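Inspection log for the structure reproduced underneath, given as structure tokens.
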Amino acid sequence: MFWNGKNGKNGGKSEGNGHHLIDLQGIRKVYDTGAVKVEALRGLDLAVRENEFLAIVGPSGSGKSTLMNIIGCLDTATEGSYRLRGEQVAGLTIDRLAEIRNKRVGFVFQNFNLLPQLTAFENVELPLLFKGTPARQRRERVELLFEQVGLSDRMLHRPVELSGGEMQRVAIARALACEPDIILADEPTGNLDTTSGRDIIGMFEDLWRKGHTLVLITHDPAIARRARRIVNVQDGTVVSDEAVA
């Protein structure tokens with residue numbers, strides 16, 4: 001279909017790479033509200049190799065969104081070890097965590113999280129601005145991404161002028177702007193019609209085939225089966241971890 005990915009390493013298969021990109025061991029996350037403590041993750045272990053495409057599934061309140069927030073460095077664990085490409089995340093400074101989020105993790109959310117006052121082009125350009133990319137390189141990169149997601153004619157439109165499927169394509173382009181190690185997608189088809197949702201998952205499959213690592217949070221079994229590995233989380237821990245035939 002498309003993509004300026006990462007040279008298609010492993011031909012879309014993770015078995016050839018024994019190095020863990022994500023390595024979580026004994027992860028606990030406790031939210032202390034003062035009156036009560038809620039244990040969202042309970043000693044969870046999870047390892048993800050480069051160029052894997054996995055879906056994390058589980059009922060509401062299972063801990064899957066907390067897990068995604070920890071993987072994406074939006075939150076930190078109460079206990080346990082998290083290594084991202086060998087780097088221990090625990091104890092990193094706020095600035096270093098922000099740098100990881102900007103350069104090494106691409107986020108795609110159910111509600112798109114586009115800034116309404118900016119054009120589609122400016123939304124995709126924003127991570128490159130934070131990264132300090134020169135103006136000419138920013139323009140070339142953003143134009144390439146819009147070409148790849150099939151929205152070259154919508155770059156100057158604001159989010160309110162776009163359909164849900166178009167907004168999610170913009171969000172994917174933004175997630176790819178800094179060529180991250182990981183794409184994290186939280187219910188990316190949740191606000192889309194069936195056709196648009198199918199197109200978005202097709203894009204994720206293309207990204208995987210081109211060498212990207214994708215972690216997808218979903219409650220939809222049909223969407224989960226489009227991944228190549230399904231991790232089931234319940235009550236804050238992994239209860240099953242299976243390859244998709």
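In the structure tokens, chains take the letters A, B, ... in the order shown, each chain's residues start at 1, and ligands count up from 1 in the order shown.
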Counting only C-alpha atoms, what are the residues of stretch 30-128 of chain A within 10 Å of stretch 192-208 of chain A, and for each of them which pair of atoms is the nearest and at what distance in Å, to one decimal? Sort the table by chain and rising number, as CSV.
residue,atom,partner,partner_atom,distance
A:Glu50,CA,A:Trp208,CA,9.9
A:Asn51,CA,A:Trp208,CA,6.3
A:Glu52,CA,A:Trp208,CA,7.1
A:Phe53,CA,A:Trp208,CA,6.3
A:Leu54,CA,A:Trp208,CA,9.9
A:Gln110,CA,A:Leu192,CA,8.8
A:Asn111,CA,A:Leu192,CA,9.8
Could those selected residues go to a file with N, CA and C atoms, as a PDB file, in the first residue's frame?
ATOM      1  N   GLU A  50      11.339  -5.979  18.557  1.00  0.00           N
ATOM      2  CA  GLU A  50      11.188  -5.050  17.443  1.00  0.00           C
ATOM      3  C   GLU A  50      10.374  -5.694  16.331  1.00  0.00           C
ATOM      4  N   ASN A  51       9.565  -4.877  15.663  1.00  0.00           N
ATOM      5  CA  ASN A  51       8.763  -5.287  14.510  1.00  0.00           C
ATOM      6  C   ASN A  51       7.704  -6.316  14.883  1.00  0.00           C
ATOM      7  N   GLU A  52       7.183  -6.231  16.106  1.00  0.00           N
ATOM      8  CA  GLU A  52       5.997  -7.005  16.466  1.00  0.00           C
ATOM      9  C   GLU A  52       4.761  -6.139  16.294  1.00  0.00           C
ATOM     10  N   PHE A  53       3.637  -6.796  16.064  1.00  0.00           N
ATOM     11  CA  PHE A  53       2.335  -6.145  15.988  1.00  0.00           C
ATOM     12  C   PHE A  53       1.434  -6.893  16.964  1.00  0.00           C
ATOM     13  N   LEU A  54       1.232  -6.312  18.151  1.00  0.00           N
ATOM     14  CA  LEU A  54       0.429  -6.996  19.136  1.00  0.00           C
ATOM     15  C   LEU A  54      -0.754  -6.156  19.577  1.00  0.00           C
ATOM     16  N   GLN A 110      -8.099   7.280  20.386  1.00  0.00           N
ATOM     17  CA  GLN A 110      -9.467   7.130  19.921  1.00  0.00           C
ATOM     18  C   GLN A 110     -10.074   8.468  19.522  1.00  0.00           C
ATOM     19  N   ASN A 111      -9.801   9.508  20.309  1.00  0.00           N
ATOM     20  CA  ASN A 111     -10.384  10.830  20.063  1.00  0.00           C
ATOM     21  C   ASN A 111      -9.476  11.728  19.228  1.00  0.00           C
TER      22      ASN A 111
END
I need the residues in stretch 40-163 of chain A that are strand (DSSP E or B) according to DSSP; give them as a list in words.
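DSSP on the backbone gives strand (DSSP E or B) at Ala40, Leu41, Arg42, Gly43, Leu44, Asp45, Leu46, Ala47, Val48, Arg49, Phe53, Leu54, Ala55, Ile56, Val57, Glu79, Gly80, Ser81, Tyr82, Arg83, Leu84, Glu87, Gln88, Val105, Gly106, Phe107, Val108 and Phe109 of chain A.
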Quick one: write out the picked residues with N, CA and C atoms as a PDB file, in the first residue's frame?
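Generated output (again-v8.pdb):
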ATOM      1  N   ALA A  40      -3.843  -0.946  39.901  1.00  0.00           N
ATOM      2  CA  ALA A  40      -4.228  -1.112  38.498  1.00  0.00           C
ATOM      3  C   ALA A  40      -3.428  -2.205  37.812  1.00  0.00           C
ATOM      4  N   LEU A  41      -2.148  -2.339  38.150  1.00  0.00           N
ATOM      5  CA  LEU A  41      -1.294  -3.400  37.605  1.00  0.00           C
ATOM      6  C   LEU A  41      -0.649  -4.144  38.759  1.00  0.00           C
ATOM      7  N   ARG A  42      -0.606  -5.483  38.641  1.00  0.00           N
ATOM      8  CA  ARG A  42      -0.198  -6.308  39.763  1.00  0.00           C
ATOM      9  C   ARG A  42       0.926  -7.259  39.359  1.00  0.00           C
ATOM     10  N   GLY A  43       2.126  -6.738  39.319  1.00  0.00           N
ATOM     11  CA  GLY A  43       3.280  -7.576  38.997  1.00  0.00           C
ATOM     12  C   GLY A  43       3.291  -8.064  37.566  1.00  0.00           C
ATOM     13  N   LEU A  44       2.917  -7.223  36.640  1.00  0.00           N
ATOM     14  CA  LEU A  44       2.782  -7.599  35.221  1.00  0.00           C
ATOM     15  C   LEU A  44       4.137  -7.719  34.538  1.00  0.00           C
ATOM     16  N   ASP A  45       4.269  -8.770  33.729  1.00  0.00           N
ATOM     17  CA  ASP A  45       5.460  -8.983  32.896  1.00  0.00           C
ATOM     18  C   ASP A  45       5.038  -8.949  31.430  1.00  0.00           C
ATOM     19  N   LEU A  46       5.838  -8.279  30.605  1.00  0.00           N
ATOM     20  CA  LEU A  46       5.559  -8.248  29.165  1.00  0.00           C
ATOM     21  C   LEU A  46       6.840  -7.877  28.420  1.00  0.00           C
ATOM     22  N   ALA A  47       7.159  -8.640  27.390  1.00  0.00           N
ATOM     23  CA  ALA A  47       8.306  -8.329  26.532  1.00  0.00           C
ATOM     24  C   ALA A  47       7.829  -8.229  25.086  1.00  0.00           C
ATOM     25  N   VAL A  48       8.330  -7.226  24.384  1.00  0.00           N
ATOM     26  CA  VAL A  48       7.952  -6.994  22.986  1.00  0.00           C
ATOM     27  C   VAL A  48       9.228  -6.821  22.184  1.00  0.00           C
ATOM     28  N   ARG A  49       9.363  -7.604  21.120  1.00  0.00           N
ATOM     29  CA  ARG A  49      10.516  -7.470  20.236  1.00  0.00           C
ATOM     30  C   ARG A  49      10.262  -6.408  19.178  1.00  0.00           C
ATOM     31  N   PHE A  53       3.637  -6.796  16.064  1.00  0.00           N
ATOM     32  CA  PHE A  53       2.335  -6.145  15.988  1.00  0.00           C
ATOM     33  C   PHE A  53       1.434  -6.893  16.964  1.00  0.00           C
ATOM     34  N   LEU A  54       1.232  -6.312  18.151  1.00  0.00           N
ATOM     35  CA  LEU A  54       0.429  -6.996  19.136  1.00  0.00           C
ATOM     36  C   LEU A  54      -0.754  -6.156  19.577  1.00  0.00           C
ATOM     37  N   ALA A  55      -1.811  -6.839  19.933  1.00  0.00           N
ATOM     38  CA  ALA A  55      -3.006  -6.212  20.477  1.00  0.00           C
ATOM     39  C   ALA A  55      -3.103  -6.560  21.954  1.00  0.00           C
ATOM     40  N   ILE A  56      -3.407  -5.564  22.768  1.00  0.00           N
ATOM     41  CA  ILE A  56      -3.652  -5.775  24.191  1.00  0.00           C
ATOM     42  C   ILE A  56      -5.151  -5.644  24.403  1.00  0.00           C
ATOM     43  N   VAL A  57      -5.767  -6.709  24.901  1.00  0.00           N
ATOM     44  CA  VAL A  57      -7.215  -6.746  25.082  1.00  0.00           C
ATOM     45  C   VAL A  57      -7.537  -7.017  26.545  1.00  0.00           C
ATOM     46  N   GLU A  79       6.179   0.124  41.102  1.00  0.00           N
ATOM     47  CA  GLU A  79       7.274  -0.824  41.313  1.00  0.00           C
ATOM     48  C   GLU A  79       7.538  -1.566  40.019  1.00  0.00           C
ATOM     49  N   GLY A  80       8.733  -2.143  39.924  1.00  0.00           N
ATOM     50  CA  GLY A  80       9.066  -2.968  38.781  1.00  0.00           C
ATOM     51  C   GLY A  80      10.066  -2.321  37.853  1.00  0.00           C
ATOM     52  N   SER A  81      10.458  -3.072  36.838  1.00  0.00           N
ATOM     53  CA  SER A  81      11.467  -2.636  35.882  1.00  0.00           C
ATOM     54  C   SER A  81      10.859  -2.458  34.496  1.00  0.00           C
ATOM     55  N   TYR A  82      11.133  -1.316  33.875  1.00  0.00           N
ATOM     56  CA  TYR A  82      10.736  -1.080  32.485  1.00  0.00           C
ATOM     57  C   TYR A  82      11.960  -0.604  31.730  1.00  0.00           C
ATOM     58  N   ARG A  83      12.389  -1.423  30.770  1.00  0.00           N
ATOM     59  CA  ARG A  83      13.493  -1.043  29.900  1.00  0.00           C
ATOM     60  C   ARG A  83      12.962  -0.833  28.488  1.00  0.00           C
ATOM     61  N   LEU A  84      13.288   0.303  27.924  1.00  0.00           N
ATOM     62  CA  LEU A  84      12.924   0.637  26.551  1.00  0.00           C
ATOM     63  C   LEU A  84      14.208   0.692  25.742  1.00  0.00           C
ATOM     64  N   GLU A  87      17.193   0.852  27.936  1.00  0.00           N
ATOM     65  CA  GLU A  87      17.317   1.970  28.874  1.00  0.00           C
ATOM     66  C   GLU A  87      16.279   1.830  29.983  1.00  0.00           C
ATOM     67  N   GLN A  88      16.748   1.868  31.237  1.00  0.00           N
ATOM     68  CA  GLN A  88      15.842   1.772  32.374  1.00  0.00           C
ATOM     69  C   GLN A  88      15.063   3.084  32.499  1.00  0.00           C
ATOM     70  N   VAL A 105       8.309   7.407  20.658  1.00  0.00           N
ATOM     71  CA  VAL A 105       6.970   6.830  20.746  1.00  0.00           C
ATOM     72  C   VAL A 105       6.002   7.679  19.934  1.00  0.00           C
ATOM     73  N   GLY A 106       5.216   7.026  19.078  1.00  0.00           N
ATOM     74  CA  GLY A 106       4.159   7.708  18.343  1.00  0.00           C
ATOM     75  C   GLY A 106       2.808   7.274  18.885  1.00  0.00           C
ATOM     76  N   PHE A 107       1.936   8.234  19.201  1.00  0.00           N
ATOM     77  CA  PHE A 107       0.651   7.940  19.824  1.00  0.00           C
ATOM     78  C   PHE A 107      -0.493   8.160  18.845  1.00  0.00           C
ATOM     79  N   VAL A 108      -1.452   7.223  18.846  1.00  0.00           N
ATOM     80  CA  VAL A 108      -2.690   7.369  18.091  1.00  0.00           C
ATOM     81  C   VAL A 108      -3.829   7.076  19.059  1.00  0.00           C
ATOM     82  N   PHE A 109      -4.734   8.054  19.245  1.00  0.00           N
ATOM     83  CA  PHE A 109      -5.776   7.931  20.250  1.00  0.00           C
ATOM     84  C   PHE A 109      -7.159   7.797  19.613  1.00  0.00           C
TER      85      PHE A 109
END
Which of stretch 184-241 of chain A fall in alpha helix (DSSP H), as a ChimeraX atom specification
/A:194-209,221-224
Output N, CA and C atoms of each residue in that selection to a file, as a PDB file, in the first residue's frame.
ATOM      1  N   THR A 194     -17.363   1.488  10.134  1.00  0.00           N
ATOM      2  CA  THR A 194     -16.722   0.211   9.823  1.00  0.00           C
ATOM      3  C   THR A 194     -15.691   0.331   8.705  1.00  0.00           C
ATOM      4  N   THR A 195     -16.055   1.055   7.644  1.00  0.00           N
ATOM      5  CA  THR A 195     -15.147   1.179   6.499  1.00  0.00           C
ATOM      6  C   THR A 195     -13.881   1.930   6.872  1.00  0.00           C
ATOM      7  N   SER A 196     -14.039   3.062   7.578  1.00  0.00           N
ATOM      8  CA  SER A 196     -12.873   3.855   7.986  1.00  0.00           C
ATOM      9  C   SER A 196     -12.001   3.067   8.950  1.00  0.00           C
ATOM     10  N   GLY A 197     -12.637   2.340   9.872  1.00  0.00           N
ATOM     11  CA  GLY A 197     -11.884   1.524  10.815  1.00  0.00           C
ATOM     12  C   GLY A 197     -11.065   0.458  10.120  1.00  0.00           C
ATOM     13  N   ARG A 198     -11.661  -0.166   9.111  1.00  0.00           N
ATOM     14  CA  ARG A 198     -10.945  -1.192   8.346  1.00  0.00           C
ATOM     15  C   ARG A 198      -9.749  -0.584   7.624  1.00  0.00           C
ATOM     16  N   ASP A 199      -9.915   0.614   7.097  1.00  0.00           N
ATOM     17  CA  ASP A 199      -8.804   1.287   6.411  1.00  0.00           C
ATOM     18  C   ASP A 199      -7.659   1.607   7.373  1.00  0.00           C
ATOM     19  N   ILE A 200      -8.010   2.060   8.572  1.00  0.00           N
ATOM     20  CA  ILE A 200      -6.987   2.418   9.555  1.00  0.00           C
ATOM     21  C   ILE A 200      -6.201   1.178   9.984  1.00  0.00           C
ATOM     22  N   ILE A 201      -6.888   0.070  10.237  1.00  0.00           N
ATOM     23  CA  ILE A 201      -6.182  -1.163  10.614  1.00  0.00           C
ATOM     24  C   ILE A 201      -5.315  -1.645   9.452  1.00  0.00           C
ATOM     25  N   GLY A 202      -5.790  -1.448   8.224  1.00  0.00           N
ATOM     26  CA  GLY A 202      -4.973  -1.782   7.057  1.00  0.00           C
ATOM     27  C   GLY A 202      -3.682  -0.988   7.039  1.00  0.00           C
ATOM     28  N   MET A 203      -3.748   0.276   7.445  1.00  0.00           N
ATOM     29  CA  MET A 203      -2.536   1.097   7.528  1.00  0.00           C
ATOM     30  C   MET A 203      -1.572   0.540   8.577  1.00  0.00           C
ATOM     31  N   PHE A 204      -2.115   0.134   9.721  1.00  0.00           N
ATOM     32  CA  PHE A 204      -1.257  -0.440  10.752  1.00  0.00           C
ATOM     33  C   PHE A 204      -0.576  -1.716  10.260  1.00  0.00           C
ATOM     34  N   GLU A 205      -1.309  -2.538   9.527  1.00  0.00           N
ATOM     35  CA  GLU A 205      -0.705  -3.752   8.979  1.00  0.00           C
ATOM     36  C   GLU A 205       0.435  -3.403   8.026  1.00  0.00           C
ATOM     37  N   ASP A 206       0.253  -2.370   7.213  1.00  0.00           N
ATOM     38  CA  ASP A 206       1.319  -1.941   6.302  1.00  0.00           C
ATOM     39  C   ASP A 206       2.534  -1.447   7.077  1.00  0.00           C
ATOM     40  N   LEU A 207       2.284  -0.708   8.150  1.00  0.00           N
ATOM     41  CA  LEU A 207       3.388  -0.222   8.975  1.00  0.00           C
ATOM     42  C   LEU A 207       4.185  -1.390   9.537  1.00  0.00           C
ATOM     43  N   TRP A 208       3.481  -2.404  10.028  1.00  0.00           N
ATOM     44  CA  TRP A 208       4.156  -3.591  10.570  1.00  0.00           C
ATOM     45  C   TRP A 208       4.998  -4.274   9.492  1.00  0.00           C
ATOM     46  N   ARG A 209       4.441  -4.425   8.311  1.00  0.00           N
ATOM     47  CA  ARG A 209       5.178  -5.091   7.232  1.00  0.00           C
ATOM     48  C   ARG A 209       6.429  -4.309   6.845  1.00  0.00           C
ATOM     49  N   PRO A 221     -12.670  -7.896  19.446  1.00  0.00           N
ATOM     50  CA  PRO A 221     -11.946  -9.125  19.084  1.00  0.00           C
ATOM     51  C   PRO A 221     -11.573  -9.183  17.604  1.00  0.00           C
ATOM     52  N   ALA A 222     -12.447  -8.666  16.735  1.00  0.00           N
ATOM     53  CA  ALA A 222     -12.155  -8.697  15.294  1.00  0.00           C
ATOM     54  C   ALA A 222     -10.946  -7.826  14.969  1.00  0.00           C
ATOM     55  N   ILE A 223     -10.831  -6.673  15.626  1.00  0.00           N
ATOM     56  CA  ILE A 223      -9.664  -5.800  15.436  1.00  0.00           C
ATOM     57  C   ILE A 223      -8.421  -6.478  15.995  1.00  0.00           C
ATOM     58  N   ALA A 224      -8.531  -7.073  17.171  1.00  0.00           N
ATOM     59  CA  ALA A 224      -7.379  -7.733  17.800  1.00  0.00           C
ATOM     60  C   ALA A 224      -6.814  -8.831  16.907  1.00  0.00           C
TER      61      ALA A 224
END
Residue with the minimum atom-to-atom distance to A:Leu156, picked from A:Val142, A:Val38, A:Ala175, A:Ala245 with only C-alpha atoms counted, is A:Val142
In Å, how far is it from atom CA of A:Ala173 to atom CA of A:Val149?
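Separation between atom CA of A:Ala173 and atom CA of A:Val149: 6.9 Å.
Minimum atom-to-atom distances from A:Arg101, A:Thr213, A:Arg85, A:Arg96 to A:Cys73 were compared using only C-alpha atoms, and the lowest value belongs to A:Arg101.
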Hey, what's within 10 Å of A:Leu145 if we count only C-alpha atoms and toss same-chain stuff fewer than 3 positions away? As a ChimeraX atom specification, please?
/A:3-4,121,124,139-142,148-152,169-170,172-174,176-177
For the residues selected in the previous step, produce a file with C-alpha atoms as a tab-separated table (two decimals), in the first residue's frame.
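Result written to again.tsv:
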chain	number	residue	atom	x	y	z
A	3	TRP	CA	5.13	3.54	3.66
A	4	ASN	CA	8.51	4.99	4.22
A	121	PHE	CA	-0.32	20.28	8.39
A	124	VAL	CA	1.64	16.86	12.02
A	139	ARG	CA	7.95	20.83	5.37
A	140	GLU	CA	9.39	18.00	3.28
A	141	ARG	CA	8.70	15.41	5.98
A	142	VAL	CA	5.12	16.56	6.58
A	148	GLN	CA	1.57	8.51	2.25
A	149	VAL	CA	-1.72	8.69	4.17
A	150	GLY	CA	-3.53	9.90	1.05
A	151	LEU	CA	-4.43	13.38	2.30
A	152	SER	CA	-2.21	15.72	0.30
A	169	ARG	CA	-5.07	9.47	9.18
A	170	VAL	CA	-3.71	12.86	10.26
A	172	ILE	CA	-1.17	8.51	12.21
A	173	ALA	CA	0.93	10.93	10.15
A	174	ARG	CA	1.66	12.91	13.32
A	176	LEU	CA	5.12	8.89	12.42
A	177	ALA	CA	6.60	12.37	12.14
Neighbouring residues of stretch 58-68 of chain A were defined as those with any atom within 6 Å, considering only C-alpha atoms; residues of the same chain fewer than 4 positions away were excluded. Please report them as a ChimeraX atom specification.
/A:40-41,232-236
Pairwise distance for atom CA of A:Val160 and atom CA of A:Asn123, rounded to one decimal in Å
12.8 Å
One number please: atom CA of A:Phe112 to atom CA of A:Gly190, in Å, one decimal.
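Distance reported for this atom pair: 10.3 Å.
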Quick one: of A:Gly34, A:Gly86, A:Pro116, A:Gly26, who's nearest to A:Pro159, counting only C-alpha atoms?
A:Pro116
